[in-house]
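Heads up: the structure comes next, in structure tokens.
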Amino acid sequence: MTSATESTAAELSAHAAAGRRAAWRRLAAYVGRNKGYYAFWLATVLAYTAAFLAIPVLVGNCVKALRLGLGADEVAWRAGILAGVALAGAVVRFFSRILVFNAAREIEYEIRNDLFAQLERLPRSFYSQWRTGDIMSRCVNDTNAVRMLLGVGVLNLIQTPILYLGALGVMFSIDAQLTLLVMLPYPAFILIARTLGRSIHHWSLLVQEGLADLSHRLQESISGIAVVKAYAMEDAMARRFNETNQELYRRSLGVVRANASMPAVVMLLPATAMWLILLVGGQKIVDGGMMPEDFFKFAMYIYQLTFPTFIMGWVVALVQRGAASMQRIDELLSIEPSIQDTPETQHVESIRGEIEFRHLTFRYLGENRGAVLRDVSLHIPAGTTLGIVGPVGSGKSTLVSLIPRLYEVDDGQVFIDGIDLNRIPLKTLRGHIAMVPQESFLFSQTLADNVAFGLERTDAASVRAASERAQLAKDVADLPHGYETVVGERGVMLSGGQRQRTALARALALDPSILILDDTLSSVDAETEAAIQRELDRVFKGRTVVIVSSRVSAVRTADRIVVLDEGRIVESGRHAELIARGGLYARLAQEQAEVNHDGSPAGGAS
């Protein structure tokens, strides 16, 4: 058992090390694309180093002039040179920081764009396994941490050693013995900094994960605020948020303790160095072995190196946190989309709309439940209308989601115009399909922008025509600014029926070869449904239409109707034929007729 545990631990450690190496390689690629910024920045660092090293020497020259009694004019001249070098150093330092911070911002911008592009490429199965809060944390908190690493972190990691090497060179030329004494504590500091750095990396990674948990909890609570209030769960949700926040607080304290230890250790270095300079250097002045100006040079270098030394403690923490964040970003960017064009993809210019399922069996990746669809074989000729009905959970929505490849499906199971679905270019496939899902998601834009979402540009005529077909135009006059009314987040300014009709209008504006309606009219009243159906009968001509509905009334005019139950097709035919058979379809029709007879709304969400 112990051997197995050790083996597992070794594998996890190796996997973590591989992840860190991959993250650094990706980061190096971003830096390589912005090497111009960093090249100019390095030149300014060298120029600043020259000024940094010159200032103590110039101070020593001023002290020497005073010691030799060279006169006020000579002292003033030397002091003027000192002031000029200090001013030049300040200007160079300013531009140096501008360059490196611009480079860091540029890379942050590129990473965020790459993350968003990656999220757009990933299939829906990815979003069923990853939490929204975690994704948002990587796109916001982690990219910010990487920017700090590439800005402040790189600035000090490269500039500070250069300053140290230059200062040590000058100090050695003045007094090698004193220089070695001053440097004695530094090896111990390196060991301590390494230990603290590991602790900071550990706690930083936990904090980033905690931020993801908190973002997820916050996003979920805000998105479901209506349900929270309806069930009077405000206090319970506040307690859950507090628990997540408390855990983040605990982890943050770990980072604080590790971060606080670093500057505390670092501050001992200049104090120890100054003590040694006063003790040994002071005695050398008394003995005549060191000139006062050389003593001032030593003191000035130690003074100038105090802040870079102190800031290095914070920078080590910054680097560790940035490295942990880059590792989390790389994990997301390294995911290979399971749905994408491949070398086997064929050139397809257009789609007529013929759809065929051949012995399709489908199960969701990463879920323990069995197959959602079982041995489904179905042929839908181009230009015909198919209705799909069945009980809740029978697989209706899953079946139609496979047509535009929203989920992964094996080769040889779904065909469009006789071509394997997985061989059709995604852009071509989805460019000829319009789908209105059960949940009508609207963006926080104008009504016109939502209707024209799939168009290359907002065409007012197309927006109005599509709105009229979806029976939405009659509601536009009641909106504050008509088509230019901002509908709010998720379309909160509209009713459920208006949101569904807006989503329908969005699909109709595309004039697709294949139109998929997934319980599109579940939130509209019977009169509006009948009006939409009459208009859709004209829209359906010449295109393939697949209608998923829990209402028999929505599919009764379809060219063919299939009934799904527990992932299988159990009935198939036209409306009259299925009613005459007295099977599941007939029972659903009877139940809905009885509900309508009682005066309550029929149907429901699929």
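Ordered as shown in the structure tokens, chains take letters A, B, and onward, while each chain numbers its residues from 1 and ligands are numbered from 1 in the order shown.
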Can I get the residues of region 144-236 of chain A within 12 Å of region 278-292 of chain A, each with the closest pair of atoms and their distance in Å to one decimal, using only C-alpha atoms, sorted chain first then ascending number, as CSV?
```
residue,atom,partner,partner_atom,distance
A:Ile174,CA,A:Met290,CA,8.7
A:Asp175,CA,A:Met290,CA,8.4
A:Ala176,CA,A:Gly281,CA,11.8
A:Gln177,CA,A:Val280,CA,9.6
A:Leu178,CA,A:Val280,CA,7.2
A:Thr179,CA,A:Gly281,CA,10.3
A:Leu180,CA,A:Val280,CA,11.7
A:Leu181,CA,A:Val280,CA,9.0
A:Val182,CA,A:Val280,CA,10.0
```
Practice item. List the neighbours of region 464-466 of chain A out to 12 Å using only C-alpha atoms; skip same-chain residues closer than 2 positions along the sequence, and give me the result as a PyMOL selection string. Key: chain A and resi 447-452+455+458-462+468-476+482-483+501-511+532+535-536+539
Dump C-alpha atoms for the selected residues as an mmCIF file, in the first residue's frame?
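What ended up in again.cif:
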```
data_model
loop_
_atom_site.group_PDB
_atom_site.id
_atom_site.type_symbol
_atom_site.label_atom_id
_atom_site.label_comp_id
_atom_site.auth_asym_id
_atom_site.auth_seq_id
_atom_site.Cartn_x
_atom_site.Cartn_y
_atom_site.Cartn_z
ATOM 1 C CA LEU A 447 -33.422 44.244 -29.620
ATOM 2 C CA ALA A 448 -32.260 44.864 -33.198
ATOM 3 C CA ASP A 449 -28.731 43.662 -32.378
ATOM 4 C CA ASN A 450 -30.113 40.486 -30.831
ATOM 5 C CA VAL A 451 -32.249 39.715 -33.875
ATOM 6 C CA ALA A 452 -29.332 40.450 -36.221
ATOM 7 C CA LEU A 455 -25.784 38.530 -39.615
ATOM 8 C CA THR A 458 -27.402 44.823 -38.645
ATOM 9 C CA ASP A 459 -29.783 45.115 -41.591
ATOM 10 C CA ALA A 460 -32.905 47.015 -40.486
ATOM 11 C CA ALA A 461 -35.058 45.526 -43.230
ATOM 12 C CA SER A 462 -34.023 41.955 -42.409
ATOM 13 C CA GLU A 468 -42.822 40.098 -38.274
ATOM 14 C CA ARG A 469 -42.514 36.394 -39.096
ATOM 15 C CA ALA A 470 -41.866 35.610 -35.434
ATOM 16 C CA GLN A 471 -44.857 37.761 -34.353
ATOM 17 C CA LEU A 472 -42.453 40.017 -32.456
ATOM 18 C CA ALA A 473 -43.035 43.219 -34.418
ATOM 19 C CA LYS A 474 -46.372 43.847 -32.695
ATOM 20 C CA ASP A 475 -44.581 44.167 -29.323
ATOM 21 C CA VAL A 476 -41.877 46.543 -30.532
ATOM 22 C CA GLY A 482 -38.510 50.252 -30.251
ATOM 23 C CA TYR A 483 -35.880 48.110 -31.905
ATOM 24 C CA ARG A 501 -39.917 35.172 -30.245
ATOM 25 C CA THR A 502 -36.744 37.278 -30.343
ATOM 26 C CA ALA A 503 -34.659 34.092 -30.485
ATOM 27 C CA LEU A 504 -36.936 32.779 -33.245
ATOM 28 C CA ALA A 505 -36.576 36.028 -35.195
ATOM 29 C CA ARG A 506 -32.792 35.765 -34.826
ATOM 30 C CA ALA A 507 -32.872 32.318 -36.447
ATOM 31 C CA LEU A 508 -35.258 33.369 -39.231
ATOM 32 C CA ALA A 509 -33.080 36.387 -40.110
ATOM 33 C CA LEU A 510 -30.320 33.985 -41.189
ATOM 34 C CA ASP A 511 -32.468 32.311 -43.881
ATOM 35 C CA ILE A 532 -46.576 32.032 -35.612
ATOM 36 C CA GLU A 535 -46.299 32.326 -40.734
ATOM 37 C CA LEU A 536 -43.826 29.497 -40.228
ATOM 38 C CA VAL A 539 -41.099 30.067 -43.903
#
```
**Study point:** Shell around Met300 (chain A) at 10 Å using only C-alpha atoms, local window under 2 positions removed, as JSON, numbers by chain
**Key:** {"A": [53, 55, 56, 57, 59, 60, 294, 295, 296, 297, 298, 302, 303, 304, 305, 306]}
Practice item. Based on DSSP run over this structure's backbone, return all residues of region 284-409 of chain A in strand (DSSP E or B), as number ranges by chain. Key: A: 355-362, 373-380, 385-389
Find the nearest atom pair between each residue of region 123-158 of chain A and region 88-104 of chain A for residues within 6 Å, count only C-alpha atoms, give distances in Å to one decimal, sort rows by chain and ascending number, and present the table as a tab-separated table.
```
residue	atom	partner	partner_atom	distance
A:Arg147	CA	A:Ala104	CA	5.1
A:Leu150	CA	A:Ala104	CA	5.1
A:Gly151	CA	A:Phe101	CA	4.9
```
Hey, can you spit out that residue selection with N, CA and C atoms as a tab-separated table (two decimals), in the first residue's frame?
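Written file, selection-v1.tsv:
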```tsv
chain	number	residue	atom	x	y	z
A	147	ARG	N	0.65	39.37	-15.72
A	147	ARG	CA	1.11	40.72	-16.09
A	147	ARG	C	2.07	41.27	-15.04
A	150	LEU	N	5.44	39.64	-15.51
A	150	LEU	CA	6.18	40.10	-16.68
A	150	LEU	C	6.54	41.58	-16.62
A	151	GLY	N	5.91	42.33	-15.72
A	151	GLY	CA	6.22	43.74	-15.55
A	151	GLY	C	7.17	43.97	-14.39
```
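Straight-line separation from CA of Ala323 (chain A) to CA of Tyr48 (chain A): 27.6 Å.
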Point to revise | Exercise: Asp375 (chain A) partners within 10 Å, only C-alpha atoms, chain neighbours under 3 positions left out, as a VMD selection string | key: chain A and resid 357 to 362 371 378 413 567 to 569
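Shortest separation to Asp330 (chain A) among A:Ile419, A:Leu27, A:Val376, A:Ala54 occurs at residue A:Leu27, atoms counted being only C-alpha atoms.
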